[in-house]
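These notes are about the structure you will find just below.
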Amino acid sequence: MTTPLETFPEGSTLTAVALDLPFDVVVWDDPVTLMSVVTRILMKVFGYPKQKAHRLMMTVHEEGRAVVWTGELNRAEAYCVRLHASGLLASVEPSA
Amino acid sequence: MSSPFVRTETGIALELDRDTRRFIAGLAASVLLGSRDGTHPFASRLAPPITVTKDQDDPFLVLARHDVIATAAQVVEETAFLPSITAEQAEAWFETIQVGCQALAGSLHVTIVEDLDRLDPDDRTRLQIAQWLLDLLCEVLDEPEITED
């Protein structure tokens, strides 16, 4: 996989550039979590309306994963921690 | 069958039998243990990697996650046998049972739906009870609060 980390301008510092790039919060499908539970957690953690949370949950269910939020690394990691603490499988990765 | 979670003016009444309460308290205790002891069967699912491109996640984030999970699990342990809980405590129940359900599945090496078929009937029942409780908690927590008029 090619990540933005491989395309740094020469001389730039790794941390500074990495922090400026957008990162995705990804929720992964799993065989035990109920659809209603995924929807509710997305509403609670991100404040999404039910319709949007339901649509994202369906993407997780049908495609195995969904990007549920994109933005700066610090916030992405904080959201991911909330999702883990709520019992969802989630991770942060550089935005494609 | 009526739900054992009933919204009231002061929170949520718990009409659960003793065995179900024991199950919930035991799940919370396992979550608490798993969050403290890296060798516990629940541990790996309680502390997955956060940022996939980093060699090591920020220790502050890892600690924050541990604190949130452990605090909610403690609330559940302390309230599992009460006649009623507040809506805030019910959120802790929701999170802990979901975290426990995930961790239990992880400890049983359930990664795809087909893995559920090969489970011991007792283990499958434990997962089903957790899912049943979560479904009902979702319903009651989505109900509007009852206010005095």
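In the structure tokens, chains take the letters A, B, ... in the order shown, each chain's residues start at 1, and ligands count up from 1 in the order shown.
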Proximal residues of chain B relative to chain A (only C-alpha atoms; 10 Å) as a PyMOL selection string: chain B and resi 45-54+57-58+61-70+72+91-92+94-106+110-116+127-128+130-132+134-135+137-139+141-142
Export of prior selection with C-alpha atoms as a PDB file, in the first residue's frame:
```pdb
ATOM      1  CA  ARG B  45      -9.441  -7.013  21.996  1.00  0.00           C
ATOM      2  CA  LEU B  46      -9.421  -4.323  24.694  1.00  0.00           C
ATOM      3  CA  ALA B  47      -6.226  -2.739  23.434  1.00  0.00           C
ATOM      4  CA  PRO B  48      -6.057  -2.940  19.627  1.00  0.00           C
ATOM      5  CA  PRO B  49      -3.716  -0.659  17.633  1.00  0.00           C
ATOM      6  CA  ILE B  50      -5.110   2.849  17.061  1.00  0.00           C
ATOM      7  CA  THR B  51      -3.089   4.287  14.170  1.00  0.00           C
ATOM      8  CA  VAL B  52      -2.030   1.548  11.766  1.00  0.00           C
ATOM      9  CA  THR B  53       0.967   3.444  10.355  1.00  0.00           C
ATOM     10  CA  LYS B  54       2.569   4.036  13.751  1.00  0.00           C
ATOM     11  CA  ASP B  57       0.460   4.397  19.769  1.00  0.00           C
ATOM     12  CA  ASP B  58       0.653   7.441  22.016  1.00  0.00           C
ATOM     13  CA  LEU B  61      -4.239   7.632  24.294  1.00  0.00           C
ATOM     14  CA  VAL B  62      -3.749   4.028  25.394  1.00  0.00           C
ATOM     15  CA  LEU B  63      -4.090   5.086  29.034  1.00  0.00           C
ATOM     16  CA  ALA B  64      -7.170   7.198  28.278  1.00  0.00           C
ATOM     17  CA  ARG B  65      -8.840   4.230  26.560  1.00  0.00           C
ATOM     18  CA  HIS B  66      -8.013   1.986  29.506  1.00  0.00           C
ATOM     19  CA  ASP B  67      -9.495   4.531  31.943  1.00  0.00           C
ATOM     20  CA  VAL B  68     -12.757   4.906  30.002  1.00  0.00           C
ATOM     21  CA  ILE B  69     -13.231   1.138  29.706  1.00  0.00           C
ATOM     22  CA  ALA B  70     -12.304   0.452  33.349  1.00  0.00           C
ATOM     23  CA  ALA B  72     -17.563   2.017  32.856  1.00  0.00           C
ATOM     24  CA  GLU B  91     -24.772   4.086  29.097  1.00  0.00           C
ATOM     25  CA  ALA B  92     -21.936   2.472  31.086  1.00  0.00           C
ATOM     26  CA  PHE B  94     -24.292  -0.461  27.186  1.00  0.00           C
ATOM     27  CA  GLU B  95     -20.578   0.226  26.627  1.00  0.00           C
ATOM     28  CA  THR B  96     -19.333  -2.460  28.997  1.00  0.00           C
ATOM     29  CA  ILE B  97     -21.611  -5.191  27.668  1.00  0.00           C
ATOM     30  CA  GLN B  98     -20.624  -4.290  24.087  1.00  0.00           C
ATOM     31  CA  VAL B  99     -16.901  -4.188  24.975  1.00  0.00           C
ATOM     32  CA  GLY B 100     -17.360  -7.474  26.854  1.00  0.00           C
ATOM     33  CA  CYS B 101     -19.183  -9.054  23.909  1.00  0.00           C
ATOM     34  CA  GLN B 102     -16.319  -8.061  21.580  1.00  0.00           C
ATOM     35  CA  ALA B 103     -13.669  -9.255  24.006  1.00  0.00           C
ATOM     36  CA  LEU B 104     -15.500 -12.534  24.616  1.00  0.00           C
ATOM     37  CA  ALA B 105     -15.710 -13.125  20.858  1.00  0.00           C
ATOM     38  CA  GLY B 106     -12.015 -12.328  20.569  1.00  0.00           C
ATOM     39  CA  VAL B 110     -14.512 -15.566  16.525  1.00  0.00           C
ATOM     40  CA  THR B 111     -13.488 -13.464  13.526  1.00  0.00           C
ATOM     41  CA  ILE B 112     -16.086 -14.461  10.911  1.00  0.00           C
ATOM     42  CA  VAL B 113     -19.763 -15.418  11.201  1.00  0.00           C
ATOM     43  CA  GLU B 114     -19.002 -19.088  10.477  1.00  0.00           C
ATOM     44  CA  ASP B 115     -16.846 -19.229  13.623  1.00  0.00           C
ATOM     45  CA  LEU B 116     -20.026 -18.895  15.694  1.00  0.00           C
ATOM     46  CA  LEU B 127     -22.711 -14.165  23.338  1.00  0.00           C
ATOM     47  CA  GLN B 128     -26.447 -14.374  22.628  1.00  0.00           C
ATOM     48  CA  ALA B 130     -24.958 -10.159  25.650  1.00  0.00           C
ATOM     49  CA  GLN B 131     -26.521  -9.361  22.243  1.00  0.00           C
ATOM     50  CA  TRP B 132     -30.045  -9.661  23.665  1.00  0.00           C
ATOM     51  CA  LEU B 134     -27.581  -4.791  24.056  1.00  0.00           C
ATOM     52  CA  ASP B 135     -30.594  -4.837  21.748  1.00  0.00           C
ATOM     53  CA  LEU B 137     -30.589  -1.394  26.070  1.00  0.00           C
ATOM     54  CA  CYS B 138     -30.500   0.282  22.637  1.00  0.00           C
ATOM     55  CA  GLU B 139     -34.297   0.417  22.653  1.00  0.00           C
ATOM     56  CA  LEU B 141     -31.844   4.368  25.786  1.00  0.00           C
ATOM     57  CA  ASP B 142     -33.386   5.646  22.553  1.00  0.00           C
TER      58      ASP B 142
END
```
Close residues, Gly64 of chain A itself excluded, 10 Å, only C-alpha atoms, min 5 positions apart in chain, as a ChimeraX atom specification: /A:27-30,57-59
Restricting it to C-alpha atoms, dump the selection as an mmCIF file, in the first residue's frame.
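Result file follows (part31.cif):
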```cif
data_model
loop_
_atom_site.group_PDB
_atom_site.id
_atom_site.type_symbol
_atom_site.label_atom_id
_atom_site.label_comp_id
_atom_site.auth_asym_id
_atom_site.auth_seq_id
_atom_site.Cartn_x
_atom_site.Cartn_y
_atom_site.Cartn_z
ATOM 1 C CA VAL A 27 -14.873 1.079 11.449
ATOM 2 C CA TRP A 28 -14.525 -2.624 10.649
ATOM 3 C CA ASP A 29 -17.231 -5.263 10.415
ATOM 4 C CA ASP A 30 -17.312 -8.032 13.000
ATOM 5 C CA MET A 57 -23.406 1.123 9.455
ATOM 6 C CA MET A 58 -24.787 -0.432 6.247
ATOM 7 C CA THR A 59 -21.477 0.306 4.482
#
```
For atom CA of Pro41 of chain B and atom CA of Arg126 of chain B, the interatomic separation in Å (one decimal):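 Result for atom CA of Pro41 of chain B versus atom CA of Arg126 of chain B: 15.4 Å, one decimal.
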Write out as a CSV table (one decimal) with C-alpha atoms, in the first residue's frame the set of residues from chain A that DSSP, computed on the backbone, places in strand (DSSP E or B).
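Writing the result to selection-v6.csv gives the following:
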```
chain,number,residue,atom,x,y,z
A,23,PHE,CA,-6.5,10.7,8.4
A,24,ASP,CA,-9.5,8.4,8.2
A,25,VAL,CA,-11.2,6.8,11.1
A,26,VAL,CA,-12.3,3.4,9.8
A,27,VAL,CA,-14.9,1.1,11.4
A,28,TRP,CA,-14.5,-2.6,10.6
A,65,ARG,CA,-15.4,-1.4,6.6
A,66,ALA,CA,-16.4,2.2,6.3
A,67,VAL,CA,-14.6,5.5,6.7
A,68,VAL,CA,-16.7,7.2,9.3
A,69,TRP,CA,-14.7,10.4,9.8
A,70,THR,CA,-11.7,12.2,8.1
A,71,GLY,CA,-9.6,15.0,9.5
A,90,ALA,CA,-11.8,0.7,14.5
A,91,SER,CA,-8.5,2.1,13.3
A,92,VAL,CA,-6.9,5.3,12.0
A,93,GLU,CA,-5.1,5.4,8.7
A,94,PRO,CA,-3.8,8.0,6.3
```
